[in-house]
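Here is the structure we will look at, set down as structure tokens.
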There are 2 protein chains.
Amino acid sequence: MDSTTEEKIYEAARKIFVLKGMEGARMQEIADEVGMNKALLHYYFRSKEKLFEAVFKDIFTRFFSRIRGAFTSDLPLKEKLIVFIDNYIDLIAANPYVPQFIINEINRDPKVLKAMIFESGIGPQQLLEIFLNEVQINNQSNLDPRHIVVSLLGMLVFPFAGRPLLQLVYFNDDQKAYDQFLSERKEIVKNMMLKFIEV
Amino acid sequence: MDSTTEEKIYEAARKIFVLKGMEGARMQEIADEVGMNKALLHYYFRSKEKLFEAVFKDIFTRFFSRIRGAFTSDLPLKEKLIVFIDNYIDLIAANPYVPQFIINEINRDPKVLKAMIFESGIGPQQLLEIFLNEVQINNQSNLDPRHIVVSLLGMLVFPFAGRPLLQLVYFNDDQKAYDQFLSERKEIVKNMMLKFIEV
DNA sequence: GTCTATATGGCGATAGAC
DNA sequence: GTCTATCGCCATATAGAC
């Protein structure tokens, strides 16, 4: 690790903020994670608010830009859905707390989200519109494509966001069994979406 | 309103906690909501933690007990699903912040949830198991019923939890348009689940 | 740039008058 | 039971030495 101090602070902040949220996170905790002094955080990023915004914008952008790939190919909709589901579950599995983190923070304070969307040229709005248009164009039924997208995302995100509850009541709090359950979900969701898309 | 002071405090706490979560809520804010002094909260409920636990347990129990009705009838699975989807969307629509509140708090501190589940005789575990058994028994495909339940709940909860983002990017932040979208979801989800259940 | 020390404010909680 | 006043703590933020 020969990254700069600023980068190390940023990485630590990212980790803590995702786990605890803006209000739950402590500047001291982030400093401890870096192994350096609390005052340094303010030296590089004026305030907790600024540090958080930097982290949130970055996470949000990265998370949604990873999705675009699946929907800029020339494959038919079915194939695109398959690729998307595979990619998205892998992405969430590698960052299991990110979706809930995003949902929380946009509910807590939608200002940052709105600023992001309307500032950035290549913001998530475009990414989501790509998805939307693809579904619209290839959709054989006359179903509002937004319902397809919302159903799909709900099926993918919920098992991660609701994990503590679901694992406890359905799997006797058995972590390995729940991981197994998650690994089966790709095929389940593919199956479900394809049945749904068919006329 | 001739309810007791304790009840008024409880109702105010319920409102604030659901909106802001345990960490985001302020005792002063709850006191303001009641229109009385902060010290009274401590008189009736020793601490913020105790007040929160009382509220959380009550919300959790009420929210899941309302679900049971749909699955204790003699209807076939299809009919049960239809009743459940209608009831559950109405329930969330009347309490749009509750699902995310529950998800947040069980992630922040699963201890309270675990204590609840294993203490109460008529806890949510039984309620969920009823659901699970019904699906299991009536399930014509050999699909793990837990996948059905998770998919169903994800499709129902996500449009509410992700509302700020979805409304902004898909509906130009038009509140009425999004309400319309939500009102269409009952039929969409019914359709999708029935297609999925069929062999 | 990085540290120690401290300022500043807010919040949960309690003491005590009425 | 309900209030005012205040304690004690913790968190963000800053000042200033090195």
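Residues are named by chain letter and number: chains run A, B, ... in the order of the structure tokens, numbers start at 1 in each chain, and ligands are numbered from 1 in the order shown.
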If you take only C-alpha atoms and a cut-off of 7 Å, which residues of chain B touch chain A, and what are their nearest atom pairs and distances in Å to one decimal, in chain and number order, as JSON lines?
```
{"residue": "B:Glu23", "atom": "CA", "partner": "A:Gly24", "partner_atom": "CA", "distance": 6.6}
{"residue": "B:Gly24", "atom": "CA", "partner": "A:Glu23", "partner_atom": "CA", "distance": 6.5}
{"residue": "B:Ile103", "atom": "CA", "partner": "A:Gly162", "partner_atom": "CA", "distance": 5.8}
{"residue": "B:Ile106", "atom": "CA", "partner": "A:Pro164", "partner_atom": "CA", "distance": 6.4}
{"residue": "B:Asn107", "atom": "CA", "partner": "A:Pro164", "partner_atom": "CA", "distance": 6.4}
{"residue": "B:Pro110", "atom": "CA", "partner": "A:Pro164", "partner_atom": "CA", "distance": 6.9}
{"residue": "B:Gln125", "atom": "CA", "partner": "A:Val169", "partner_atom": "CA", "distance": 5.7}
{"residue": "B:Val150", "atom": "CA", "partner": "A:Pro159", "partner_atom": "CA", "distance": 6.5}
{"residue": "B:Ser151", "atom": "CA", "partner": "A:Met155", "partner_atom": "CA", "distance": 4.9}
{"residue": "B:Gly154", "atom": "CA", "partner": "A:Gly154", "partner_atom": "CA", "distance": 4.4}
{"residue": "B:Met155", "atom": "CA", "partner": "A:Ser151", "partner_atom": "CA", "distance": 4.8}
{"residue": "B:Phe158", "atom": "CA", "partner": "A:Gly154", "partner_atom": "CA", "distance": 4.9}
{"residue": "B:Pro159", "atom": "CA", "partner": "A:Val150", "partner_atom": "CA", "distance": 6.5}
{"residue": "B:Ala161", "atom": "CA", "partner": "A:Ile103", "partner_atom": "CA", "distance": 6.8}
{"residue": "B:Gly162", "atom": "CA", "partner": "A:Ile103", "partner_atom": "CA", "distance": 5.8}
{"residue": "B:Pro164", "atom": "CA", "partner": "A:Asn107", "partner_atom": "CA", "distance": 6.4}
{"residue": "B:Leu165", "atom": "CA", "partner": "A:Ile106", "partner_atom": "CA", "distance": 6.9}
{"residue": "B:Val169", "atom": "CA", "partner": "A:Gln125", "partner_atom": "CA", "distance": 5.7}
{"residue": "B:Met192", "atom": "CA", "partner": "A:Phe196", "partner_atom": "CA", "distance": 6.1}
{"residue": "B:Lys195", "atom": "CA", "partner": "A:Lys195", "partner_atom": "CA", "distance": 6.9}
{"residue": "B:Phe196", "atom": "CA", "partner": "A:Met192", "partner_atom": "CA", "distance": 6.1}
```
Based on DSSP run over this structure's backbone, return all residues of chain A in helix (DSSP H, G or I), as a ChimeraX atom specification.
/A:5-24,27-34,38-44,48-71,77-94,98-108,110-119,124-138,145-161,163-171,175-197
Interface residues on chain A facing chain C, 10 Å, only C-alpha atoms (C1' of nucleotides), written as a PyMOL selection string
chain A and resi 5+36-40+43
Which residues of chain D are close to chain B, meaning at most 10 Å apart when you count only C-alpha atoms (C1' of nucleotides), and how do they look as a ChimeraX atom specification?
/D:1-4
Choose the residue, out of A:Phe84, A:Phe118, A:Tyr10, A:Tyr178, that has the smallest atom-to-atom separation from Glu53 in chain A; count only C-alpha atoms.
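Ranking A:Phe84, A:Phe118, A:Tyr10, A:Tyr178 by distance to Glu53 in chain A, first place goes to A:Tyr10.
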Considering only C-alpha atoms (C1' of nucleotides), return as JSON, numbers by chain whatever protein or nucleic-acid residues lie within 9 Å of Lys48 in chain B, sequence-local ones (same chain, fewer than 2 positions apart) excluded.
{"B": [22, 26, 27, 41, 42, 45, 46, 50, 51, 52, 53], "C": [12]}
Please produce a file of the residues just selected, as a PDB file, in the first residue's frame, where the atoms kept are N, CA and C atoms (P, O5', C5', C4', C3', O3' and C1' of nucleotides).
```pdb
ATOM      1  N   MET B  22     -33.531   4.906  14.619  1.00  0.00           N
ATOM      2  CA  MET B  22     -33.047   5.046  15.996  1.00  0.00           C
ATOM      3  C   MET B  22     -31.966   6.124  16.106  1.00  0.00           C
ATOM      4  N   ARG B  26     -34.278  12.298  17.440  1.00  0.00           N
ATOM      5  CA  ARG B  26     -33.836  13.064  18.610  1.00  0.00           C
ATOM      6  C   ARG B  26     -34.952  13.081  19.644  1.00  0.00           C
ATOM      7  N   MET B  27     -34.585  12.882  20.899  1.00  0.00           N
ATOM      8  CA  MET B  27     -35.588  12.913  21.966  1.00  0.00           C
ATOM      9  C   MET B  27     -36.309  14.259  21.984  1.00  0.00           C
ATOM     10  N   LEU B  41     -40.350  12.184  28.591  1.00  0.00           N
ATOM     11  CA  LEU B  41     -40.055  10.937  27.870  1.00  0.00           C
ATOM     12  C   LEU B  41     -39.284   9.987  28.784  1.00  0.00           C
ATOM     13  N   HIS B  42     -38.357  10.549  29.537  1.00  0.00           N
ATOM     14  CA  HIS B  42     -37.557   9.716  30.431  1.00  0.00           C
ATOM     15  C   HIS B  42     -38.356   9.278  31.662  1.00  0.00           C
ATOM     16  N   PHE B  45     -40.569   6.409  29.870  1.00  0.00           N
ATOM     17  CA  PHE B  45     -39.718   5.332  29.312  1.00  0.00           C
ATOM     18  C   PHE B  45     -38.272   5.642  29.685  1.00  0.00           C
ATOM     19  N   ARG B  46     -37.735   5.107  30.682  1.00  0.00           N
ATOM     20  CA  ARG B  46     -36.397   5.334  31.197  1.00  0.00           C
ATOM     21  C   ARG B  46     -35.368   5.929  30.228  1.00  0.00           C
ATOM     22  N   LYS B  50     -34.952   2.157  25.476  1.00  0.00           N
ATOM     23  CA  LYS B  50     -36.179   1.455  25.888  1.00  0.00           C
ATOM     24  C   LYS B  50     -37.376   1.913  25.059  1.00  0.00           C
ATOM     25  N   LEU B  51     -37.465   3.216  24.858  1.00  0.00           N
ATOM     26  CA  LEU B  51     -38.565   3.755  24.063  1.00  0.00           C
ATOM     27  C   LEU B  51     -38.525   3.179  22.654  1.00  0.00           C
ATOM     28  N   PHE B  52     -37.341   3.150  22.092  1.00  0.00           N
ATOM     29  CA  PHE B  52     -37.205   2.620  20.742  1.00  0.00           C
ATOM     30  C   PHE B  52     -37.604   1.151  20.665  1.00  0.00           C
ATOM     31  N   GLU B  53     -37.141   0.389  21.618  1.00  0.00           N
ATOM     32  CA  GLU B  53     -37.457  -1.049  21.595  1.00  0.00           C
ATOM     33  C   GLU B  53     -38.962  -1.289  21.673  1.00  0.00           C
TER      34      GLU B  53
ATOM     35  P    DG C  12     -30.996  12.366  21.947  1.00  0.00           P
ATOM     36  O5'  DG C  12     -30.569  11.689  23.314  1.00  0.00           O
ATOM     37  C5'  DG C  12     -29.561  10.698  23.293  1.00  0.00           C
ATOM     38  C4'  DG C  12     -29.127  10.381  24.708  1.00  0.00           C
ATOM     39  C3'  DG C  12     -30.251   9.862  25.612  1.00  0.00           C
ATOM     40  O3'  DG C  12     -29.739   8.773  26.383  1.00  0.00           O
ATOM     41  C1'  DG C  12     -29.302  11.817  26.569  1.00  0.00           C
TER      42       DG C  12
END
```
What's the 12 Å shell around Asp90 in chain B, counting only C-alpha atoms (C1' of nucleotides), without same-chain residues fewer than 4 positions away, as a compact mmCIF listing (two decimals) with N, CA, C and O atoms, in the first residue's frame?
```txt
# COMPACT_ATOMS: atom_id res chain seq x y z
N PHE B 63 -47.16 -5.27 12.02
CA PHE B 63 -46.99 -5.32 10.58
C PHE B 63 -47.08 -6.75 10.05
O PHE B 63 -47.69 -7.00 9.02
N ARG B 66 -50.71 -8.60 10.52
CA ARG B 66 -51.71 -8.24 9.53
C ARG B 66 -51.64 -9.14 8.30
O ARG B 66 -52.57 -9.24 7.51
N ILE B 67 -50.52 -9.78 8.13
CA ILE B 67 -50.31 -10.62 6.95
C ILE B 67 -50.96 -11.99 7.10
O ILE B 67 -51.41 -12.59 6.14
N VAL B 83 -55.01 -12.50 -2.51
CA VAL B 83 -55.43 -11.79 -1.29
C VAL B 83 -54.22 -11.16 -0.60
O VAL B 83 -54.26 -10.00 -0.17
N PHE B 84 -53.17 -11.93 -0.53
CA PHE B 84 -51.97 -11.43 0.15
C PHE B 84 -51.42 -10.18 -0.53
O PHE B 84 -51.10 -9.18 0.13
N ILE B 85 -51.29 -10.21 -1.84
CA ILE B 85 -50.73 -9.08 -2.57
C ILE B 85 -51.60 -7.84 -2.39
O ILE B 85 -51.09 -6.74 -2.13
N ASP B 86 -52.91 -8.01 -2.48
CA ASP B 86 -53.80 -6.87 -2.26
C ASP B 86 -53.60 -6.28 -0.86
O ASP B 86 -53.40 -5.08 -0.70
N ALA B 94 -50.23 2.42 3.30
CA ALA B 94 -50.66 3.17 4.48
C ALA B 94 -49.49 3.43 5.43
O ALA B 94 -49.55 4.33 6.27
N ASN B 95 -48.40 2.66 5.29
CA ASN B 95 -47.22 2.82 6.15
C ASN B 95 -45.95 2.74 5.31
O ASN B 95 -45.13 1.84 5.48
N PRO B 96 -45.78 3.69 4.39
CA PRO B 96 -44.76 3.53 3.36
C PRO B 96 -43.33 3.47 3.89
O PRO B 96 -42.45 2.95 3.21
N LEU B 156 -42.70 -6.29 -3.91
CA LEU B 156 -43.67 -5.42 -3.23
C LEU B 156 -42.99 -4.28 -2.48
O LEU B 156 -43.46 -3.14 -2.48
N VAL B 157 -41.86 -4.57 -1.85
CA VAL B 157 -41.22 -3.58 -0.97
C VAL B 157 -40.36 -2.59 -1.75
O VAL B 157 -40.35 -1.40 -1.45
N PHE B 160 -41.41 0.95 -2.88
CA PHE B 160 -41.59 1.92 -1.80
C PHE B 160 -40.25 2.36 -1.23
O PHE B 160 -40.00 3.55 -1.03
N LEU B 182 -47.59 3.07 -8.56
CA LEU B 182 -47.76 2.16 -7.42
C LEU B 182 -49.13 1.49 -7.44
O LEU B 182 -49.25 0.31 -7.11
N SER B 183 -50.15 2.24 -7.84
CA SER B 183 -51.50 1.67 -7.85
C SER B 183 -51.63 0.58 -8.91
O SER B 183 -52.50 -0.29 -8.80
N ARG B 185 -49.36 -1.61 -9.42
CA ARG B 185 -48.48 -2.74 -9.09
C ARG B 185 -49.20 -3.98 -8.62
O ARG B 185 -48.72 -5.10 -8.85
N LYS B 186 -50.34 -3.82 -7.98
CA LYS B 186 -51.07 -5.00 -7.53
C LYS B 186 -51.25 -5.99 -8.67
O LYS B 186 -50.91 -7.17 -8.55
```
